[in-house]
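Q: Questions regarding the structure given below will be posed in turn.
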Amino acid sequence: MLLFQVIKGKSPDELDPITATLKINREDALVVDVRSADEYRQGHIPNARHIPLADLEKRSAELAKDDKPVILCCATGARSGLALATLRKAGISSVFNLSGGLQAWERAGHPLARGKRKK
């Protein structure tokens, strides 16, 4: 798998945790967590908005009106990769996937918030 990623290269739509943090701080990017409510309560990126993947298409207008870059996250980056395609289809062009998801975020030593979801 690692060899595949090296050969494949990194997509410009994917951000590592450090680059994501810079985008949040410098461009006021909005973080959207697409996991289930239970997963979100167990730990999420501070100030992340919770929109489950199943609801994303019908709620995409909320994100478009904010006119901010959107960083999507899930546990590993797989569901948020699907979410990226959904938002692009809805016309949101400044959207990124957190490569490696919350697992990579935690490995990078970044903080998690716990508790109820932010809508």
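Quick note on naming: the chains in the structure tokens go A, B, ... in the order shown, residues restart at 1 in each chain, and ligands are numbered from 1 in order of appearance.
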Contacts of Asp13 of chain A at 10 Å or less, counting only C-alpha atoms, minus same-chain residues fewer than 6 places along, as a list in words?

A: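 Residues near the query, excluding close chain neighbours: Ile71, Gly81, Leu84, Ser94, Val95, Phe96, Asn97, Leu98 and Ser99 of chain A.
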
Q: Nearest to Gly91 of chain A: which of A:Gly115, A:Leu63, A:Ile18, A:Ile45 is it, counting only C-alpha atoms?

A: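 Using only C-alpha atoms, the shortest distance to Gly91 of chain A belongs to A:Leu63.
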
Q: Between A:Ala108, A:Leu87, A:Ala54, A:Leu72, which residue has the minimum interatomic distance to Val32 of chain A, considering only C-alpha atoms?

A: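 The closest residue to Val32 of chain A is A:Leu72.
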
Q: Would you compute the distance between atom CA of Ala104 of chain A and atom CA of Ala78 of chain A? Give it in Å to one decimal.

A: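 Atom CA of Ala78 of chain A lies at a distance of 12.5 Å from atom CA of Ala104 of chain A.
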
Q: As a PDB file with N, CA and C atoms, in the first residue's frame, please: every residue in segment 24-97 of chain A that a backbone DSSP assignment puts in alpha helix (DSSP H).

A:
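Final output, saved to states-v4.pdb:
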ATOM      1  N   ILE A  24      -6.376  26.080   7.656  1.00  0.00           N
ATOM      2  CA  ILE A  24      -7.357  26.491   8.664  1.00  0.00           C
ATOM      3  C   ILE A  24      -6.964  27.851   9.243  1.00  0.00           C
ATOM      4  N   ASN A  25      -5.702  28.005   9.594  1.00  0.00           N
ATOM      5  CA  ASN A  25      -5.226  29.231  10.239  1.00  0.00           C
ATOM      6  C   ASN A  25      -5.103  30.416   9.286  1.00  0.00           C
ATOM      7  N   ARG A  26      -4.637  30.170   8.078  1.00  0.00           N
ATOM      8  CA  ARG A  26      -4.365  31.268   7.142  1.00  0.00           C
ATOM      9  C   ARG A  26      -5.559  31.639   6.267  1.00  0.00           C
ATOM     10  N   GLU A  27      -6.410  30.644   5.954  1.00  0.00           N
ATOM     11  CA  GLU A  27      -7.509  30.890   5.021  1.00  0.00           C
ATOM     12  C   GLU A  27      -8.883  30.695   5.665  1.00  0.00           C
ATOM     13  N   ALA A  37     -22.378  10.163  13.983  1.00  0.00           N
ATOM     14  CA  ALA A  37     -22.472  10.983  15.196  1.00  0.00           C
ATOM     15  C   ALA A  37     -21.681  10.356  16.340  1.00  0.00           C
ATOM     16  N   ASP A  38     -21.740   9.038  16.486  1.00  0.00           N
ATOM     17  CA  ASP A  38     -20.980   8.371  17.552  1.00  0.00           C
ATOM     18  C   ASP A  38     -19.478   8.553  17.368  1.00  0.00           C
ATOM     19  N   GLU A  39     -19.005   8.393  16.142  1.00  0.00           N
ATOM     20  CA  GLU A  39     -17.576   8.580  15.873  1.00  0.00           C
ATOM     21  C   GLU A  39     -17.166  10.027  16.177  1.00  0.00           C
ATOM     22  N   TYR A  40     -17.992  10.961  15.777  1.00  0.00           N
ATOM     23  CA  TYR A  40     -17.695  12.378  16.002  1.00  0.00           C
ATOM     24  C   TYR A  40     -17.580  12.675  17.501  1.00  0.00           C
ATOM     25  N   ARG A  41     -18.499  12.164  18.290  1.00  0.00           N
ATOM     26  CA  ARG A  41     -18.475  12.409  19.745  1.00  0.00           C
ATOM     27  C   ARG A  41     -17.221  11.838  20.397  1.00  0.00           C
ATOM     28  N   GLN A  42     -16.689  10.759  19.856  1.00  0.00           N
ATOM     29  CA  GLN A  42     -15.495  10.132  20.434  1.00  0.00           C
ATOM     30  C   GLN A  42     -14.243  10.970  20.234  1.00  0.00           C
ATOM     31  N   LEU A  53     -21.780  11.725   5.972  1.00  0.00           N
ATOM     32  CA  LEU A  53     -21.660  11.521   4.538  1.00  0.00           C
ATOM     33  C   LEU A  53     -23.028  11.352   3.875  1.00  0.00           C
ATOM     34  N   ALA A  54     -23.935  10.635   4.517  1.00  0.00           N
ATOM     35  CA  ALA A  54     -25.265  10.391   3.944  1.00  0.00           C
ATOM     36  C   ALA A  54     -26.067  11.677   3.769  1.00  0.00           C
ATOM     37  N   ASP A  55     -25.756  12.718   4.541  1.00  0.00           N
ATOM     38  CA  ASP A  55     -26.493  13.986   4.481  1.00  0.00           C
ATOM     39  C   ASP A  55     -25.788  15.057   3.648  1.00  0.00           C
ATOM     40  N   LEU A  56     -24.583  14.768   3.211  1.00  0.00           N
ATOM     41  CA  LEU A  56     -23.746  15.801   2.611  1.00  0.00           C
ATOM     42  C   LEU A  56     -24.337  16.404   1.336  1.00  0.00           C
ATOM     43  N   GLU A  57     -24.868  15.581   0.466  1.00  0.00           N
ATOM     44  CA  GLU A  57     -25.390  16.105  -0.802  1.00  0.00           C
ATOM     45  C   GLU A  57     -26.516  17.111  -0.565  1.00  0.00           C
ATOM     46  N   LYS A  58     -27.445  16.769   0.328  1.00  0.00           N
ATOM     47  CA  LYS A  58     -28.573  17.680   0.558  1.00  0.00           C
ATOM     48  C   LYS A  58     -28.178  18.909   1.378  1.00  0.00           C
ATOM     49  N   ARG A  59     -27.036  18.856   2.077  1.00  0.00           N
ATOM     50  CA  ARG A  59     -26.589  19.998   2.881  1.00  0.00           C
ATOM     51  C   ARG A  59     -25.428  20.763   2.244  1.00  0.00           C
ATOM     52  N   SER A  60     -25.084  20.429   1.009  1.00  0.00           N
ATOM     53  CA  SER A  60     -23.935  21.066   0.356  1.00  0.00           C
ATOM     54  C   SER A  60     -24.117  22.570   0.175  1.00  0.00           C
ATOM     55  N   ALA A  61     -25.342  23.043   0.053  1.00  0.00           N
ATOM     56  CA  ALA A  61     -25.579  24.479  -0.108  1.00  0.00           C
ATOM     57  C   ALA A  61     -25.094  25.262   1.110  1.00  0.00           C
ATOM     58  N   GLU A  62     -25.169  24.649   2.292  1.00  0.00           N
ATOM     59  CA  GLU A  62     -24.666  25.299   3.512  1.00  0.00           C
ATOM     60  C   GLU A  62     -23.185  25.638   3.366  1.00  0.00           C
ATOM     61  N   LEU A  63     -22.453  24.724   2.771  1.00  0.00           N
ATOM     62  CA  LEU A  63     -21.011  24.903   2.637  1.00  0.00           C
ATOM     63  C   LEU A  63     -20.675  25.889   1.529  1.00  0.00           C
ATOM     64  N   ALA A  64     -21.480  25.887   0.482  1.00  0.00           N
ATOM     65  CA  ALA A  64     -21.239  26.799  -0.639  1.00  0.00           C
ATOM     66  C   ALA A  64     -21.444  28.246  -0.212  1.00  0.00           C
ATOM     67  N   LYS A  65     -22.418  28.489   0.656  1.00  0.00           N
ATOM     68  CA  LYS A  65     -22.701  29.877   1.051  1.00  0.00           C
ATOM     69  C   LYS A  65     -21.618  30.457   1.956  1.00  0.00           C
ATOM     70  N   ASP A  66     -20.855  29.596   2.664  1.00  0.00           N
ATOM     71  CA  ASP A  66     -19.774  30.080   3.515  1.00  0.00           C
ATOM     72  C   ASP A  66     -18.622  30.663   2.706  1.00  0.00           C
ATOM     73  N   ALA A  78     -10.962   7.742   3.571  1.00  0.00           N
ATOM     74  CA  ALA A  78     -11.728   7.066   2.517  1.00  0.00           C
ATOM     75  C   ALA A  78     -13.104   7.706   2.319  1.00  0.00           C
ATOM     76  N   ARG A  79     -13.880   7.831   3.383  1.00  0.00           N
ATOM     77  CA  ARG A  79     -15.215   8.439   3.262  1.00  0.00           C
ATOM     78  C   ARG A  79     -15.117   9.905   2.861  1.00  0.00           C
ATOM     79  N   SER A  80     -14.131  10.594   3.387  1.00  0.00           N
ATOM     80  CA  SER A  80     -13.985  12.001   3.019  1.00  0.00           C
ATOM     81  C   SER A  80     -13.567  12.153   1.556  1.00  0.00           C
ATOM     82  N   GLY A  81     -12.911  11.136   1.003  1.00  0.00           N
ATOM     83  CA  GLY A  81     -12.609  11.133  -0.430  1.00  0.00           C
ATOM     84  C   GLY A  81     -13.888  11.066  -1.260  1.00  0.00           C
ATOM     85  N   LEU A  82     -14.829  10.252  -0.814  1.00  0.00           N
ATOM     86  CA  LEU A  82     -16.139  10.186  -1.482  1.00  0.00           C
ATOM     87  C   LEU A  82     -16.869  11.512  -1.324  1.00  0.00           C
ATOM     88  N   ALA A  83     -16.764  12.102  -0.146  1.00  0.00           N
ATOM     89  CA  ALA A  83     -17.413  13.383   0.122  1.00  0.00           C
ATOM     90  C   ALA A  83     -16.861  14.476  -0.782  1.00  0.00           C
ATOM     91  N   LEU A  84     -15.569  14.438  -1.059  1.00  0.00           N
ATOM     92  CA  LEU A  84     -14.949  15.420  -1.934  1.00  0.00           C
ATOM     93  C   LEU A  84     -15.618  15.398  -3.304  1.00  0.00           C
ATOM     94  N   ALA A  85     -15.831  14.216  -3.843  1.00  0.00           N
ATOM     95  CA  ALA A  85     -16.491  14.092  -5.143  1.00  0.00           C
ATOM     96  C   ALA A  85     -17.916  14.640  -5.089  1.00  0.00           C
ATOM     97  N   THR A  86     -18.605  14.409  -3.995  1.00  0.00           N
ATOM     98  CA  THR A  86     -19.972  14.907  -3.828  1.00  0.00           C
ATOM     99  C   THR A  86     -20.004  16.433  -3.857  1.00  0.00           C
ATOM    100  N   LEU A  87     -19.080  17.065  -3.130  1.00  0.00           N
ATOM    101  CA  LEU A  87     -19.058  18.528  -3.085  1.00  0.00           C
ATOM    102  C   LEU A  87     -18.599  19.140  -4.406  1.00  0.00           C
ATOM    103  N   ARG A  88     -17.668  18.495  -5.076  1.00  0.00           N
ATOM    104  CA  ARG A  88     -17.250  18.988  -6.391  1.00  0.00           C
ATOM    105  C   ARG A  88     -18.428  18.944  -7.365  1.00  0.00           C
ATOM    106  N   LYS A  89     -19.183  17.865  -7.308  1.00  0.00           N
ATOM    107  CA  LYS A  89     -20.365  17.716  -8.164  1.00  0.00           C
ATOM    108  C   LYS A  89     -21.385  18.815  -7.849  1.00  0.00           C
TER     109      LYS A  89
END

Q: Using DSSP on the backbone, list every residue of chain A that comes out as strand (DSSP E or B), and give them as a PDB file with C-alpha atoms, in the first residue's frame.

A:
ATOM      1  CA  GLU A  14      -5.261  15.921  -0.403  1.00  0.00           C
ATOM      2  CA  LEU A  15      -3.774  17.765   2.535  1.00  0.00           C
ATOM      3  CA  LEU A  30     -13.959  25.065   7.346  1.00  0.00           C
ATOM      4  CA  VAL A  31     -13.411  21.491   8.568  1.00  0.00           C
ATOM      5  CA  VAL A  32     -16.282  19.098   7.897  1.00  0.00           C
ATOM      6  CA  ASP A  33     -16.320  15.705   9.589  1.00  0.00           C
ATOM      7  CA  HIS A  44     -12.961  15.285  16.216  1.00  0.00           C
ATOM      8  CA  ARG A  49     -18.706  20.913  11.584  1.00  0.00           C
ATOM      9  CA  HIS A  50     -20.420  17.527  11.606  1.00  0.00           C
ATOM     10  CA  VAL A  70     -13.542  23.125   2.922  1.00  0.00           C
ATOM     11  CA  ILE A  71     -11.403  20.377   4.439  1.00  0.00           C
ATOM     12  CA  LEU A  72     -13.199  17.049   4.690  1.00  0.00           C
ATOM     13  CA  CYS A  73     -12.206  14.425   7.223  1.00  0.00           C
ATOM     14  CA  VAL A  95     -12.505  21.426  -1.266  1.00  0.00           C
ATOM     15  CA  PHE A  96      -9.795  19.155   0.120  1.00  0.00           C
ATOM     16  CA  ASN A  97      -9.473  15.745   1.746  1.00  0.00           C
ATOM     17  CA  LEU A  98      -7.472  15.291   4.958  1.00  0.00           C
ATOM     18  CA  ALA A 113     -12.129  17.741  20.830  1.00  0.00           C
ATOM     19  CA  LYS A 118     -21.288  21.203  16.115  1.00  0.00           C
TER      20      LYS A 118
END

Q: Do you have the atom CA of Ala20 of chain A-atom CA of Pro69 of chain A distance handy?

A: 10.4 Å

Q: Using only C-alpha atoms, can you tell me which of A:Gly77, A:Gly100, A:Pro12, A:Pro111 comes closest to Pro46 of chain A?

A: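 Of the candidates, the smallest distance to Pro46 of chain A is held by A:Pro111.
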